[in-house]
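> To start, I am sharing the structure in question, which I have written as C-alpha cells.
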Amino acid sequence: MRDTKESRLLLVLLIAIAFALITVDIRGGQNSPVDGARQAAATVFGPIENGVSSAVDPVGNAVSAVRDSGERHDRLARLEKENAALKAKLGSDDRNRSRLNQLDKMLKIAGEGQYGIKGAQVIAIGAAQGFSWTITIDMGANDGIQRDMTVLNGDGLVGRVTTVGPDTATVLLASDPDFTVGTRLEGSDELGFASGQGDRPLRVELLNGKAEVKKGDRLVTFGSQADRPFVPGVPVGVVSRVDPSGGGLTRTLYVTPYVGFSKLDIVGVVVQAPKKDPRDEVLPAKPKPTPTPTVTVTVTPSADAAGTDQYQSDTSDQQQ
C-alpha cells in the first residue's frame, strides 16, 4: 500500500475501531456483544492451533531424517544422527517425566477435593482471541467442556473457561487484571475477593477490615453459586504482604499464587463439583519446622586449677 493521505486515514480508522471493540469487550464482561465473534474465532483457529501443536515433534523428526538421508555413508553424518537421536530421546523422556509428575499432582488434588476433572494440554499461550492473559487447551465442546468451568493443575487455581470451540477452549488465567475470584482464609475463614495483577501478586480485599492476618497465611477458593465459575476449596496462594489496617471496611492483602502461569502444560477442567466443600483439605501440608540443636557444655576444673585454689586457701589461713 502506498503512503498516501487516504491510506493514513484508513490506518487511523482501523486503529480507532480496534480500540473501540476492546473497550466494548472489557465493559461487557461475560455479556460482551463481541462474544459471538470470539466464539467463531475459537471455532476457526482452535483446530489450527491444535494441529500445529501436535505436528511440532513429527516435523522436527522429519527434518532431521531428511538432513541425514543424503549422507548415510558418511561416518560423521552417522555419528551426528546417533547423537541427535540420543538427545531427542533424553529430551522426550524428561518431558514425559515432567508431565507424569504434573498429572500425579493434579490427580492428588482432584482426589482430595473430590473434583471430577478432565485432563487437557496447553497448546497455546497468549491472546489468541483478544488482549487478555489466556491459554488455549486441546479440549472443547466435543469433550464436554463448557463456559465458566474451573481450571486447575497440580499446584492450584489456574483460571476459568471463557470461550469454547468444538475441539479447543480458551482459559482466562487468574493473573489477568479482569479476573476475580472469591477466597477463604485458612483457619479463620475470613472471606475476600482476589484480583489478578499480571505478573505481580494477586490483590485480595478482605471483607473484614479488622481481620487478623499475617504473612504466610494461605487462601482457597470460596466457591460460586451452583459451582460456576468456581468450585470451592481450590488452593489459591500464600499471603506475601499485608497492608496496615487503616480502619476501613476492607483490608488489602497481596498473595503469591501457587500456580506458575508462565509454565503451564497439563491442566484439568472441573466438570463435576464436589458434593461437599473441602474447605482447607486440599492445601498442601505445611512444612514442619526443623529443630535447632542445643549443645550443653560442662566445664570441669583441672587438677592444676584445683591445687592453685587449695594453695591460695592455705596461704590465706596462715596469714590469719
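Ordered as shown in the C-alpha cells, chains take letters A, B, and onward, while each chain numbers its residues from 1 and ligands are numbered from 1 in the order shown.
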With only C-alpha atoms as the counted atoms, please give the residues lying no more than 6 Å from stretch 219-228 of chain A, apart from itself and same-chain residues fewer than 4 positions off, as number ranges by chain.
A: 148, 182-186, 232-237
> Any idea what the distance is between atom CA of A:Ile125 and atom CA of A:Asp176?
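Atom CA of A:Asp176 lies 12.9 Å from atom CA of A:Ile125.
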> Go ahead and compute the interatomic distance for atom CA of A:Ser98 and atom CA of A:Gln197, in Å to one decimal.
28.0 Å
> What is the distance, in Å and to one decimal place, between atom CA of A:Asp280 and atom CA of A:Gly144?
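Distance reported for this atom pair: 28.3 Å.
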> Tell me which of A:Asp155, A:Asp138, A:Leu264, A:Glu190 sits closest to A:Ile109, counting only C-alpha atoms.
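Among the listed residues, the smallest separation from A:Ile109 belongs to A:Asp155.
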> Name all residues at most 8 Å from stretch 149-153 of chain A (count only C-alpha atoms; drop same-chain ones fewer than 3 positions away) and give them as an NGL selection string.
:A and (102 or 105-106 or 145-146 or 156-161 or 171 or 228-231 or 234 or 259 or 266-271)
> Nearest to A:Gly248: which of A:Asp94, A:Lys275, A:Lys210, A:Asp217 is it, counting only C-alpha atoms?
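Of A:Asp94, A:Lys275, A:Lys210, A:Asp217, the one nearest A:Gly248 is A:Lys210, counting only C-alpha atoms.
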